[in-house]
Amino acid sequence: MLSTLFGTRPASDQDPPEPPEPEPSGRQLSDGDLLDELLATVGSARAFQEFRRSQRKESFNLLRWLQLVLPLIEELREAAPARPLTDDAYRRLALLGRAFQAARRLLRCCHDGSKIFLSLESEAVQGRFRAVYEKINLALDGMPYSEIGISDEVKEQVELINTQLKRSKKRADTQDMELAMDFMVVLQDKEDRSADRAILERLAKKLELQSLADLRAETMAIKKLINERNGQQAESTRQIIELLHKLKDVAGVDEKNILGEVSIPKYLEKCPSLMIPNDFLCPISLEIMTDPVIIASGRTYERRRIQKWLDAGQRTCPKTQQPLAHLSLAPNFALKNLILQWCEKNKVEMQNGEPAEEPVVEQEVSKEVLVPSLVKDLSSANLDVQRKAVKKIRTLSKESPENRALITESGGIAALVGLLQYPDKKIQEHTVTSLLNLSIDEANKVLIAKGRAIPPIIEVLKNGSVEGQENSAAALFSLSMVDENKVAIGAMGGVPPLVKLLKEGTIRGKKDAATALFNLMLNHQNKFRAIEAGIVPALLKILVDKKLNMVDEALSIFLLLGSHSACRSEIGSEGFMETLVQIVKEGTPKNKECALSVLLELGSNNNALMVHALGFGLQEQLTEISKSGTSRAQRKANSLIQLARKCQS
């Protein structure tokens, strides 16, 4: 699903599914060496004990299968050379060896590969797991147990494993639709707003890319991926790098040199071979420090680098992730002198560091005084005072986590909720946007909902200004990241006005409505509410309006509807199938992948719909795409070709 949404191509360098291999002929190794190699391969695969979150469950399952097959290999090894392997047994074990090697490569990729790549390409990676299971199954199926003389206990275990592996090949894990839409939103070329930052923070948490150490490891994994791709899959690479940059921005890390090698600072260009003591390098920038300072954890950083980290709202040590007891920066004069001496001795001319701005304590103190005063002014009887206060809070709430914390601690959520019901549309607009900004912080999502903000936000969505409606939709999307809020927003009537905005809003409003509806419709009850509100004709209209450039968003929602049996009847029509086939014929590669996904979902559950699609010329398109389409589109096309044969037989 993820790869279908983004139109990225799999990296062939990252061990894609391999074509079926011919059965090995001849004996290239002795019986003992072959069995030793099998044991060694499983042993090296078992060394991988940690895996990327997106493939963690499947990786441990595969590791478990490998370990369950071990008793077979161990018994055969103990019996060799007294009992030589027959040709058939040797051939099966050689095939098993190839399967084990493919499993080890896959587990290594899931152990230290790029987390972003593995999540974006989750569908392709899942295909690789199925291919490995198929190889193991092929090797074990028909194993001549009577010839190899293993115990009945081991034989029964291996046969049971083989049966379970056949089921594993057919099993498809439920896709993370929420993660898919998060990727779609942040990779769109659209105006950067607070809601998008909230999504990035959620992505960073899901991908486990929040700490400096994790981001550095991800950077190295992506550099390795880029080198192995050797210029291929440029669009996929661009998206991966773009997302890494955004995640670094959220974490306050200033590193953007991904495509090339690590750049050499100008002051070292004449002497790149120097071995610089690690203690002289800032852990964030990996450059020689010109103004080293010590933070509360006892670690030393370049002043401007650590200040940027702190200004981004981080309150932990970048290297150790230890919470900081205070934010004071103490100059490390001793280290600075050592660095100067080393530079003088090695004739390294130091750069003049950018002048570091000392923390202005008065500014922080003034905000601590200012924010409670502004919150108080929200309840003023003077309309002009209210308007100025909420406008300032809107600005402050977007600037930093500290400001959002101050506003929340000062009772700002309750005051803003009360102000939402004021009839002045400009005040409503500033207020709902302030709540949107506050909802960036996960805890505030719950507090805002508990503060009874959802009904008045829905009211602004219905009757507010254009920008107020757009930001109300964005606020509902942000709040709906919490599962209980999905239920609450649907129950309180949030779905119909979102569908109305999808029908009648500006382009930005339509996109905000689409992302909010997608998130809300992860709850099944909200699917029915959306259908009752008329989402199907609204989506069909979007599909044919090329100016909107929202085909992928609409098809993603259709795929959600198609995945629920009770909703399929609402979208499964002859006209809709014709529209999907038209997109397959004329759409972008990304559009085609999304359309093929919907066709496969509907056609698999209703053969009559598949027959209609074939009648509109789908077969010719499938044949072409299966040969020249993107890897994802080829997989979908091949599945549809098989489905078409069943329908026509």
# chains A, B, ... in the order shown; residues from 1 in each chain; ligands from 1

call {"tool": "residues_around", "arguments": {"residues": "A:Glu409", "least_positions_apart": "3", "cutoff": "12 Å", "atoms": "only C-alpha atoms", "output": "NGL selection string"}}
result
:A and (368 or 371-372 or 375 or 402-406 or 412-415 or 438 or 444 or 447)

call {"tool": "residues_around", "arguments": {"residues": "stretch 594-606 of chain A", "least_positions_apart": "4", "cutoff": "10 Å", "atoms": "only C-alpha atoms", "output": "MDAnalysis selection string"}}
result
chainID A and resid 1 3:7 551:565 568:569 571:573 576:577 579:584 587:590 610:613 618 622 632:637 639:641 643:644 647

call {"tool": "write_last_selection", "arguments": {"atoms": "C-alpha atoms", "output": "CSV table (one decimal), in the first residue's frame"}}
result
chain,number,residue,atom,x,y,z
A,1,MET,CA,0.0,0.0,0.0
A,3,SER,CA,4.6,2.0,-2.3
A,4,THR,CA,1.4,2.1,-4.2
A,5,LEU,CA,0.6,5.5,-2.7
A,6,PHE,CA,4.0,7.1,-3.5
A,7,GLY,CA,5.0,5.6,-6.8
A,551,VAL,CA,-6.4,11.4,-8.0
A,552,ASP,CA,-4.1,9.5,-5.6
A,553,GLU,CA,-5.8,10.8,-2.5
A,554,ALA,CA,-9.3,9.9,-3.9
A,555,LEU,CA,-8.2,6.4,-4.9
A,556,SER,CA,-6.6,5.8,-1.5
A,557,ILE,CA,-10.0,6.6,0.1
A,558,PHE,CA,-11.7,4.3,-2.4
A,559,LEU,CA,-9.2,1.6,-1.5
A,560,LEU,CA,-10.3,2.0,2.2
A,561,LEU,CA,-13.9,1.7,1.2
A,562,GLY,CA,-13.2,-1.3,-1.0
A,563,SER,CA,-11.5,-3.1,1.9
A,564,HIS,CA,-14.8,-3.3,3.9
A,565,SER,CA,-17.3,-5.8,2.6
A,568,ARG,CA,-18.1,-2.3,-1.6
A,569,SER,CA,-21.6,-2.3,-2.9
A,571,ILE,CA,-18.6,1.9,-5.0
A,572,GLY,CA,-18.8,-1.2,-7.1
A,573,SER,CA,-20.5,0.0,-10.2
A,576,PHE,CA,-16.7,3.3,-11.6
A,577,MET,CA,-14.8,0.4,-13.2
A,579,THR,CA,-13.2,5.3,-14.7
A,580,LEU,CA,-10.6,3.1,-13.1
A,581,VAL,CA,-9.7,1.6,-16.4
A,582,GLN,CA,-9.4,5.0,-17.9
A,583,ILE,CA,-7.0,6.1,-15.2
A,584,VAL,CA,-4.9,2.9,-15.9
A,587,GLY,CA,-2.8,8.3,-15.6
A,588,THR,CA,0.7,8.9,-14.2
A,589,PRO,CA,2.6,5.8,-13.0
A,590,LYS,CA,1.5,6.6,-9.5
A,610,MET,CA,-13.8,-7.7,-13.1
A,611,VAL,CA,-15.6,-8.8,-16.2
A,612,HIS,CA,-16.9,-5.2,-16.6
A,613,ALA,CA,-13.3,-3.9,-16.3
A,618,LEU,CA,-8.3,-3.6,-19.1
A,622,LEU,CA,-2.5,-5.2,-18.0
A,632,ARG,CA,4.6,-2.3,-8.1
A,633,ALA,CA,2.3,-1.8,-11.1
A,634,GLN,CA,3.7,-5.0,-12.7
A,635,ARG,CA,2.9,-7.0,-9.5
A,636,LYS,CA,-0.7,-5.7,-9.4
A,637,ALA,CA,-1.1,-6.2,-13.2
A,639,SER,CA,-2.3,-10.5,-10.0
A,640,LEU,CA,-5.1,-9.0,-12.1
A,641,ILE,CA,-4.1,-11.1,-15.1
A,643,LEU,CA,-7.8,-13.0,-11.7
A,644,ALA,CA,-9.0,-12.3,-15.3
A,647,CYS,CA,-13.2,-15.0,-14.4

call {"tool": "atom_distance", "arguments": {"atom1": "atom CA of A:Ala102", "atom2": "atom CA of A:Leu63"}}
result
12.2 Å

call {"tool": "select_by_dssp", "arguments": {"residues": "stretch 265-484 of chain A", "states": "helix (DSSP H, G or I)", "output": "MDAnalysis selection string"}}
result
chainID A and resid 266:268 278:280 303:311 333:345 361:377 383:399 401:409 412:420 425:438 442:450 454:463 466:479 483:484

call {"tool": "residues_around", "arguments": {"residues": "A:Arg56", "least_positions_apart": "6", "cutoff": "9 Å", "atoms": "only C-alpha atoms", "output": "list of chain:residue names"}}
result
A:Glu50, A:Cys110, A:His111

call {"tool": "write_last_selection", "arguments": {"atoms": "N, CA and C atoms", "output": "compact mmCIF listing (two decimals), in the first residue's frame"}}
result
# COMPACT_ATOMS: atom_id res chain seq x y z
N GLU A 50 18.10 -7.66 16.28
CA GLU A 50 17.25 -6.46 16.24
C GLU A 50 16.89 -6.16 14.79
N CYS A 110 16.76 -5.99 6.77
CA CYS A 110 15.79 -5.56 7.79
C CYS A 110 16.48 -5.22 9.11
N HIS A 111 17.73 -5.62 9.24
CA HIS A 111 18.50 -5.33 10.46
C HIS A 111 19.14 -3.95 10.41

call {"tool": "closest_residue", "arguments": {"among": "A:Leu93, A:Ile448, A:Ala139, A:Met181", "to": "A:Leu517", "atoms": "only C-alpha atoms"}}
result
A:Met181

call {"tool": "closest_residue", "arguments": {"among": "A:Ser30, A:Gln648, A:Ser465, A:Gln55", "to": "A:Glu123", "atoms": "only C-alpha atoms"}}
result
A:Gln55

call {"tool": "residues_around", "arguments": {"residues": "A:Glu218", "least_positions_apart": "5", "cutoff": "8 Å", "atoms": "only C-alpha atoms", "output": "MDAnalysis selection string"}}
result
chainID A and resid 114:115 209

call {"tool": "write_last_selection", "arguments": {"atoms": "C-alpha atoms", "output": "PDB file, in the first residue's frame"}}
result
ATOM      1  CA  SER A 114      17.281   2.389   5.742  1.00  0.00           C
ATOM      2  CA  LYS A 115      14.164   2.659   7.912  1.00  0.00           C
ATOM      3  CA  LEU A 209      14.111   8.295  13.986  1.00  0.00           C
TER       4      LEU A 209
END

call {"tool": "atom_distance", "arguments": {"atom1": "atom CA of A:Gln421", "atom2": "atom CA of A:Ala538"}}
result
29.3 Å

call {"tool": "atom_distance", "arguments": {"atom1": "atom CA of A:Cys567", "atom2": "atom CA of A:Lys585"}}
result
25.9 Å

call {"tool": "closest_residue", "arguments": {"among": "A:Glu578, A:Leu476, A:Val293, A:Ser122", "to": "A:Gly615", "atoms": "only C-alpha atoms"}}
result
A:Glu578

call {"tool": "residues_around", "arguments": {"residues": "A:Asn332", "least_positions_apart": "5", "cutoff": "10 Å", "atoms": "only C-alpha atoms", "output": "PyMOL selection string"}}
result
chain A and resi 291-295+300-302+337

call {"tool": "closest_residue", "arguments": {"among": "A:Ala389, A:Arg216, A:Thr623, A:Gln233", "to": "A:Pro283", "atoms": "only C-alpha atoms"}}
result
A:Arg216

call {"tool": "residues_around", "arguments": {"residues": "A:Ser373", "least_positions_apart": "4", "cutoff": "9 Å", "atoms": "only C-alpha atoms", "output": "JSON, numbers by chain"}}
result
{"A": [369, 377, 378, 389, 410]}

call {"tool": "decode", "arguments": {"residues": "stretch 300-328 of chain A", "atoms": "N, CA and C atoms", "output": "CSV table (one decimal), in the first residue's frame"}}
result
chain,number,residue,atom,x,y,z
A,300,THR,N,30.3,17.7,25.5
A,300,THR,CA,30.7,19.0,24.9
A,300,THR,C,30.3,19.1,23.4
A,301,TYR,N,29.8,20.2,23.0
A,301,TYR,CA,29.3,20.5,21.7
A,301,TYR,C,29.7,21.9,21.2
A,302,GLU,N,29.7,22.1,19.9
A,302,GLU,CA,29.9,23.4,19.3
A,302,GLU,C,28.7,24.3,19.8
A,303,ARG,N,29.0,25.5,20.3
A,303,ARG,CA,27.9,26.3,20.8
A,303,ARG,C,26.7,26.5,19.9
A,304,ARG,N,26.9,26.9,18.7
A,304,ARG,CA,25.8,27.2,17.8
A,304,ARG,C,25.0,26.0,17.4
A,305,ARG,N,25.7,24.8,17.4
A,305,ARG,CA,25.0,23.6,17.0
A,305,ARG,C,24.1,23.1,18.1
A,306,ILE,N,24.6,23.1,19.4
A,306,ILE,CA,23.7,22.7,20.5
A,306,ILE,C,22.7,23.7,20.8
A,307,GLN,N,22.9,25.0,20.5
A,307,GLN,CA,21.9,26.0,20.7
A,307,GLN,C,20.8,25.8,19.8
A,308,LYS,N,21.1,25.4,18.5
A,308,LYS,CA,20.0,25.2,17.6
A,308,LYS,C,19.2,24.0,18.0
A,309,TRP,N,19.9,22.9,18.5
A,309,TRP,CA,19.2,21.7,19.0
A,309,TRP,C,18.2,22.1,20.1
A,310,LEU,N,18.7,23.0,21.1
A,310,LEU,CA,17.8,23.4,22.2
A,310,LEU,C,16.7,24.3,21.7
A,311,ASP,N,17.0,25.2,20.8
A,311,ASP,CA,16.0,26.1,20.2
A,311,ASP,C,14.8,25.4,19.5
A,312,ALA,N,15.1,24.2,19.0
A,312,ALA,CA,14.1,23.3,18.4
A,312,ALA,C,13.2,22.6,19.4
A,313,GLY,N,13.5,22.9,20.7
A,313,GLY,CA,12.6,22.3,21.7
A,313,GLY,C,13.1,21.0,22.3
A,314,GLN,N,14.3,20.6,21.9
A,314,GLN,CA,14.9,19.3,22.4
A,314,GLN,C,15.4,19.6,23.9
A,315,ARG,N,15.1,18.6,24.7
A,315,ARG,CA,15.5,18.8,26.1
A,315,ARG,C,16.3,17.5,26.6
A,316,THR,N,17.0,16.9,25.7
A,316,THR,CA,17.9,15.8,26.0
A,316,THR,C,19.2,16.0,25.4
A,317,CYS,N,20.2,15.2,25.9
A,317,CYS,CA,21.5,15.3,25.3
A,317,CYS,C,21.5,14.6,24.0
A,318,PRO,N,22.0,15.2,22.9
A,318,PRO,CA,21.9,14.5,21.5
A,318,PRO,C,22.6,13.2,21.5
A,319,LYS,N,23.7,13.1,22.2
A,319,LYS,CA,24.5,11.8,22.1
A,319,LYS,C,24.0,10.7,23.0
A,320,THR,N,23.6,11.1,24.3
A,320,THR,CA,23.2,10.1,25.3
A,320,THR,C,21.7,9.9,25.4
A,321,GLN,N,20.9,10.9,24.9
A,321,GLN,CA,19.5,11.0,25.1
A,321,GLN,C,19.1,11.2,26.6
A,322,GLN,N,20.1,11.5,27.4
A,322,GLN,CA,19.8,11.8,28.9
A,322,GLN,C,19.1,13.1,29.0
A,323,PRO,N,18.0,13.1,29.8
A,323,PRO,CA,17.3,14.4,30.0
A,323,PRO,C,18.2,15.4,30.7
A,324,LEU,N,18.1,16.7,30.2
A,324,LEU,CA,18.9,17.8,30.7
A,324,LEU,C,18.3,18.4,31.9
A,325,ALA,N,19.0,18.5,33.0
A,325,ALA,CA,18.5,19.1,34.3
A,325,ALA,C,18.4,20.6,34.1
A,326,HIS,N,19.2,21.2,33.2
A,326,HIS,CA,19.1,22.6,33.0
A,326,HIS,C,19.6,22.9,31.5
A,327,LEU,N,19.5,24.1,31.0
A,327,LEU,CA,19.8,24.4,29.7
A,327,LEU,C,21.0,25.4,29.6
A,328,SER,N,21.8,25.5,30.7
A,328,SER,CA,22.9,26.4,30.7
A,328,SER,C,24.1,25.8,29.8
